[in-house]
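See below for the structure under consideration.
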Amino acid sequence: MSFFGLDCTRKKEGEVERKIRANDREYNLSFKYATNSIKTSKYNPFTFLPLNLFEQFQRIANAYFLFLLILQVIPAISSLSWFTTVVPLVLVLSVTAAKDAIDDINRHRSDRKVNNRKVNVLISGKLISEKWMNVQVGDIIKLENNQFVTADLLLLSSSEPLNLVYIETAELDGETNLKVKQALTVTGDMGENLEALAEFNGEVCCEPPNNRLDRFTGTLTFNSQKYSLDNERVLLRGCTLRNTDWCFGLVLFAGPETKLMQNCGKSTFKRTSIDRLMNVLVLFIFGLLALMCIILAVGNGIWENHAGSKFKAFLPREENTVFSAFLTFWSYIIILNTVVPISLYVSMEVIRLGNSYYINWDRTMYHAGSDTPAEARTTTLNEELGQIKYIFSDKTGTLTQNIMTFNKCSINGKSYGDVIDHYSGQSLEITEEMTPVDFSFNRLADPKFLFYDHSLVEGVKLELPDVHAFFRLLALCHTVMAEEKREGDLVYQAQSPDEGALVTAARNFGFVFRSRSPETVTIEEMGIQRTYELLAILDFNNVRKRMSVIVRNPEGKLSLYCKGADTIIYERLHPSCSEVMKVTTEHLNEFAGEGLRTLVLAYKDLDEEYFSEWKQRHHESSVALEDREEKLEKLYEEIEKDMMLIGATAVEDKLQDGVTQTLEQLAKAEIKIWVLTGDKQETAENIGYSCNLLREEMNEVFVVAANSPEEVRQELRDARLKMCPDTEQDKFLIPEIILGNTPKVVQDENVNGEYGLVINGHSLAFALESNMELEFLRTACICKTVICCRVTPLQKAQVVELVKKYKKAVTLAIGDGANDVSMIKAAHIGVGISGQEGMQAVLSSDFSFAQFRFLQRLLLVHGRWSYLRMCKFLRYFFYKNFTFTFVHFWYAFFCGFSAQTVYDEGYITLYNLVYTALPVLGMSLFDQDVNAGWSLEYPQLYVPGQLSQYFSKRAFMMCALHSWYSSLVLFFVPYAAIYDTARDNGKDGTDYQSFALITETCLTVTVCVQLGLDLSYWTVVNHLFVWGSLGMFFILTFTMYTDGLYRLRPSSFAFIGTARNCLNQPNVWLTVALTAILCVLPVVVYRFLSSQISPTINEKVRYKVCQMKEPAPRPRRTRLTRRSTRRSGYAFSHAHGYGDLMTSGRYLRRNALTCSTGLIPTGRSPGFKPTGRSAGYSPVGREQNPKQKVEPTSLQVFRAVKDSFF
Amino acid sequence: MMASSYNAKDEDGHHPGSVGSGGPGAVKSKKPDNTAFKQQRLPAWQPILTAGTVLPAFFMIGLIFIPIGIGLLVTSNNIKEFEVRAVAIATSYCVIRALCSYTAPRTKDFSNVFMYYGLSNFYQNHRRYVKSRDDSQLNGDKSSLLNPSKECEPYRTSDKKSIAPCGAIANSLFNDTLELFYIHPNGSRIAIHLVKTGIAWWTDKHVKFRNPGENNNNLSIVFQDTSKPVNWRKPVYELDPSDPDNNGFINEDFIVWMRTAALPTFRKLYRIIQKKKDNMTPTLPPGNYSLEVIYNYPVRSFDGRKRMILSTISWMGGKNPFLGIAYITVGSVCFFLGVVLLIIHHKYGNRNNNADIPN
């Protein structure tokens, strides 16, 4: 959205209090409040040039070149003509300016789009459609369903009862669940009455504009009554109206003064670790430059003293030696400026942009199902993708599809769901070719539901009592709400997808849940509608791990239906079920082995007298003031016993395609994967097992779930001591000064064996405190897998920050939901899955795609290549520029330190821009060491990137050393070759111009040969660039040295004829060949030796590819069959159930068909909280039951009064 | 096709919903184009450094370089060069006639012999020196003649007249006169004919340097508003009054001087001793020669040295053994490295390269 990441207008100074009178524009105008038009663009056509240039020269590199330009204007210093600096600088500036201009035009466009949105404004009693930008403070506007809130509004009235409105605040805080706002009764009474609203003249007095989203204070004076206003009455810009037909609001803050706009501009610019390294290196280069210039200045001083003073007869000068040395210093600063290459930064941007486009273009990261290609939303972070060490992943929607499917069941000791081959008796793997069960007999069936075992539907048709009981239970015992917009078009609103899956299964097998009221549940059993009286819901919670309903069927029979975790239910079964239990247990093991989530179902017939007595006691307990929870607990416990086992269900929490393989690949690439999820522990663990993050073979999986800091610390420490018993305290902290103000880095510790760590959010809150974070980090980092469950979005970000802080490693966060936004922003790289949970994650991410499995291609192929290319580019770029520059240094010793250049000025200008620009660009856009298939075949190829092996300070020094050597060769070989000799016709061949041309030719050829050596992937384009540039050198050289150009400007083209006279000399070409060979000889020897003696993984794979001469094998798609005896993961969502809501009837609105709209899970605060999915869950407090933590809102107060059932 | 995992199906594109069926109403899919460029599957040559390529390359370089080097060295050694170091006689800036006798270079060459003068420790490549000229003026530009470039300072004007040719380079023109005599066994001195044209580059003589005043042959009129360089004895139009094609700015001695040397030690072509027409007698028959130097040019002040060099040339230019030695050395080193690397390859290479890559 256009709102994000942009500059905001500065806060108006001095506003202490805001006074607004409704419907009185004149009065409000007197305060000069901002109007509702927003401006996020930076320039207009007139200010663009000055402002943009001003901004660009704030960048250090550009300022440096401006400074050089100024130096060059001073005649005494100027050792080069002005154009050698101006041409590259203008090129660089114009490229950047073009990019900025395009960005700004886009911003203008989006501003215009937002400003021109229409909204209904009440003007003199009539609703007039106005553009957003024309809305003013004090206007009354009407919003309709699904509209964006125009400005910060005071809610006046709404279409909903009690003047409620439902809003989605995703754009503000990333939460997708609906929030409730309520208008004051006094304004709400006006309803839709336009006359009343037009006459409304209330005066609002409130706080000045600020950026606090969760707070608002003010008063409304209306009819000489004062009403206090708080956050509950205010709709903020950026929200969306949902499930509310209309509402009226009074504009309080508009445009730039809205809380949304006051809040924006927080997004931080991410920089890659190579960027940070570059900063250090540039400093180093400046140092080197200064050192060289000082040496040369001193040399000049000495020379002037000795030789120069005697040479005065031929070369008079007035200045004294010191002044001459001083001038020489600056002259050499100009000449040697190419060590800080101006085109470096621009080239880096171009390379990153190009590699980003490859990501956008990649067909293998395109998801056909949702028609989404991958997208590089940030084009400046590519090479960082090749250095990821830690991945922080969300679970729901990222690893899993968040789709539950009813896969298998066991009814009275018979297992259903497998397709058995008639001949062999083996169960077959379910594929898409198989015919699913035909549910056409059932007109209410959900067509999306697929089931392959025909025996179950036969069982239903044969009216087997067990099968019927099984599905009846599923249709009755749940807290799902049904929405039936049209007859037969049923939509279920389930609190958890598990429940939805179970009820849907029952629906398809002929037990259709139709509707519910607080007292009844209506289901259709095999086409016959039956209404059950709902007498009690014994709701789910974490301790009970089961839920029951007590119903009376139309015949008047009382039954209790219960579903829950196997261990819990088994304890409460009637002893007569032991036979079935045994068989069912086997089935449960089988299901769990396949990674399915299981539930056991049981029922019990109740005695009328016993129940009425129980209900009496229940009622007493539920209104008890003390120990209500415990008393109810006891009552539930009493009635849920001696139940009869019906069977078990197995629900598959569908992993996304290829998740297991992707995780396996990433693990092979030595990337550590931490799962951070808001889910409960069991679910998270279960997913951990089903996607092979946790394994049976692991030495141990530690579970940290403690309630006090001490316990958490102890558990963490125990875990670590178990893993590596001989660790000592404090030995792990190695002080190291690295950039980015991190004082210490925790070294990796290695242990034998594989361990896993599961920590819940509650313990995590303690573990993340400053005195324990190191303990946690150390323990967690030893483990192969870390799963944090029930974490809040804030904690997700904290975990990421913790790793960033103490590990010198690159982190990546991947998620799909609004609750992942904080972590995506915190990590070095944020990846958004464009999934079902909206676009918030994508909008704040750096890269986005549709499926988790694309991550392996993003990292192992694109990331690795980007990193490799960037490093190759940098190494080569520094090499060519250093080599180019150092030659001047050597020449200084032979020209009296006079700042005479070796090359002619045309060459100096064009060297970086024309002669050597394209080949290296071609390399960094096309190079691949091994192709994509092999990259995926050997994920180990990724490891060098994590260790920053391709470009580091050491690599840089090697590069400088190599340049130093090359420059020696490039200067002294031509020097010796032309020393005191003549051309083949006896004429002068040792003049300055010939020497310049010979050195230039040697240099150009040498850097081309070096590039050819570095280039491992010669595409047509590379050939074109390399040979083209080399040809260009000769063409341009000959052109510049022609007679015509000389006659045009004799002083600029004084090299006339040099090329013709020089390049026809055989010994010039022999010199060129000799220098090129000499320059690359040590490189070839070094590379060959290292590939022979200790080949890197890279070289091994390349060698193998070379040997095999065949395309990479298609990666095997092995179906992982997990054989495990572990049984867990009963299917329930994490929140406390809706049970009390269902029965209270409060949320069931007038129109039963749309009853889903008002659903607000308990435990979620309607107020703004900076957290997402798990808002209301407090990480700090110890309370597990969120109800007590949340301030009672008007709604909850309302509920307390109206709760009548219990 | 380098398919990655799992999405072979996507590649083939049989998803009915997303891939347009070709009808005009079909929704345009966002699926990226399947071009080799966009999918980074451009065909490419992927050379790698293996023993199979590196070792033969080393031997090849060795085999090619050593003969070239030997050839170069032999050529260089065949060049006859005879150098006379001018014994500094002059202490002041005056004209002295230096009479020296030398034993003849035992040359039996029948080709041209080139006579050079050499200077050392002379910084013709100093930046301020190199800059100190006006190419427009030398190219015959009328306005530059009267108003030379500022680069020429302090040799831009003298006596309020512009200097032609201006600048430090021109001002320091080498002005010794060298003459060579063959001392006949009978004692008589025979002056050797020294050719003074054809010593500058053709481009310099015909393009870069031009006298001002178009076709006006009377150079003294053309140059009348200018003054001679400070150190010169005579104005530029009297450099060679005998030959109008060698006078003024296009005087070849002047042109040769103006092509500044790259290094502080340099030689410049002074005269050519042409071979005998009959091709039977050597250009310089063995015997005694006497070099006569009219010593004008002061080099003592900057510790410089003057030389006179007589040299023949070859296809690779003047005598310079460096390239020959360098080629032999590099060739030998490559050959030697080839052997060393071969041994290393046999010891380590097979083991490492055949080792399986753990997966």
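Letters for chains follow the order of the structure tokens (A, B, ...), residue numbers begin at 1 for each chain, and ligand numbers begin at 1 in the order shown.
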
Inset, instruction - For chain B, work out the contacting residues on chain A at 6 Å, counting only C-alpha atoms, and write them as number ranges by chain. - result: A: 310-311, 314, 361-363, 368, 895, 898, 900, 933, 980-984, 991-992, 1016-1019, 1050-1051, 1057, 1067, 1092-1093, 1115

Inset, instruction - Name all residues at most 8 Å from Leu289 in chain A (count only C-alpha atoms; drop same-chain ones fewer than 3 positions away) and give them as a count of residues only. - result: 8

Legend entry - Residue with smallest distance to Lys226 in chain A - pool A:Val810, A:Leu184, A:Leu143, A:Leu1003, counting only C-alpha atoms: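 Under the stated criterion, the closest residue is A:Leu184.
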
Inset, instruction - Please identify all polymer residues within 8 Å of range 519-531 of chain A, counting only C-alpha atoms, omitting same-chain residues fewer than 5 positions from it, and present them as a list in words. - result: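 The neighbour list is Asn442, Arg472, Ala475, Leu476, Gly510, Phe511, Val512, Phe513, Arg514, Asn553, Pro554 and Thr1143 of chain A.
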
Inset, instruction - Rank nothing, just name the residue among A:Pro793, A:Gly815, A:Gly945, A:Gly301 nearest to Ile274 in chain A, using only C-alpha atoms. - result: A:Gly945

Inset, instruction - Quick one: everything within 7 Å of Arg307 in chain B, counting only C-alpha atoms, minus sequence neighbours fewer than 2 positions away in the same chain. Send it as a ChimeraX atom specification. - result: /B:83-86,117-119,305,309

Expected file: the selected residues, N, CA, C and O atoms, as an mmCIF file, in the first residue's frame:
data_model
loop_
_atom_site.group_PDB
_atom_site.id
_atom_site.type_symbol
_atom_site.label_atom_id
_atom_site.label_comp_id
_atom_site.auth_asym_id
_atom_site.auth_seq_id
_atom_site.Cartn_x
_atom_site.Cartn_y
_atom_site.Cartn_z
ATOM 1 N N GLU B 83 78.751 2.994 -28.899
ATOM 2 C CA GLU B 83 78.314 4.127 -28.102
ATOM 3 C C GLU B 83 79.501 4.970 -27.687
ATOM 4 O O GLU B 83 80.551 4.437 -27.313
ATOM 5 N N VAL B 84 79.369 6.248 -27.829
ATOM 6 C CA VAL B 84 80.425 7.153 -27.382
ATOM 7 C C VAL B 84 79.861 8.001 -26.272
ATOM 8 O O VAL B 84 78.858 8.674 -26.448
ATOM 9 N N ARG B 85 80.479 7.896 -25.114
ATOM 10 C CA ARG B 85 80.041 8.758 -24.028
ATOM 11 C C ARG B 85 80.799 10.060 -24.165
ATOM 12 O O ARG B 85 82.023 10.078 -24.168
ATOM 13 N N ALA B 86 80.056 11.093 -24.283
ATOM 14 C CA ALA B 86 80.717 12.384 -24.422
ATOM 15 C C ALA B 86 81.404 12.713 -23.118
ATOM 16 O O ALA B 86 80.776 12.794 -22.073
ATOM 17 N N TYR B 117 71.603 10.619 -30.603
ATOM 18 C CA TYR B 117 72.196 11.220 -29.422
ATOM 19 C C TYR B 117 71.393 10.755 -28.229
ATOM 20 O O TYR B 117 70.179 10.568 -28.310
ATOM 21 N N GLY B 118 72.042 10.538 -27.146
ATOM 22 C CA GLY B 118 71.348 10.055 -25.956
ATOM 23 C C GLY B 118 71.564 10.995 -24.804
ATOM 24 O O GLY B 118 72.624 11.611 -24.666
ATOM 25 N N LEU B 119 70.522 11.129 -24.017
ATOM 26 C CA LEU B 119 70.629 11.940 -22.810
ATOM 27 C C LEU B 119 70.157 11.079 -21.653
ATOM 28 O O LEU B 119 69.260 10.251 -21.813
ATOM 29 N N ARG B 305 74.042 13.045 -18.766
ATOM 30 C CA ARG B 305 75.143 12.581 -19.596
ATOM 31 C C ARG B 305 74.687 12.568 -21.036
ATOM 32 O O ARG B 305 73.538 12.347 -21.339
ATOM 33 N N ILE B 309 75.388 7.465 -30.276
ATOM 34 C CA ILE B 309 75.253 6.036 -30.532
ATOM 35 C C ILE B 309 75.138 5.812 -32.022
ATOM 36 O O ILE B 309 74.373 6.481 -32.716
#

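Our summary of the geometry notes that CA of Ser1094 in chain A is positioned 26.3 Å from CA of Lys808 in chain A.
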
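CA of Leu73 in chain B to CA of Cys1079 in chain A spans 22.4 Å [interatomic distance, one decimal].
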
Inset, instruction - Please provide the set of residues having any atom within 12 Å of Leu219 in chain B, restricted to only C-alpha atoms, with same-chain residues fewer than 5 positions apart removed, written as a PyMOL selection string. - result: chain B and resi 140+164+210-214+224-226+235-241+243-250

Legend entry - Selection near Lys825 in chain A, 12 Å with only C-alpha atoms, sequence-local residues under 2 positions removed, as an MDAnalysis selection string: chainID A and resid 5 266:270 392 793:794 796:798 800:801 811:815 818:823 827:832 840:847

Legend entry - Which of range 181-294 of chain A DSSP labels helix (DSSP H, G or I), written as a PyMOL selection string: chain A and resi 185-188+194-199+231-233+255-257+259-263+273-294
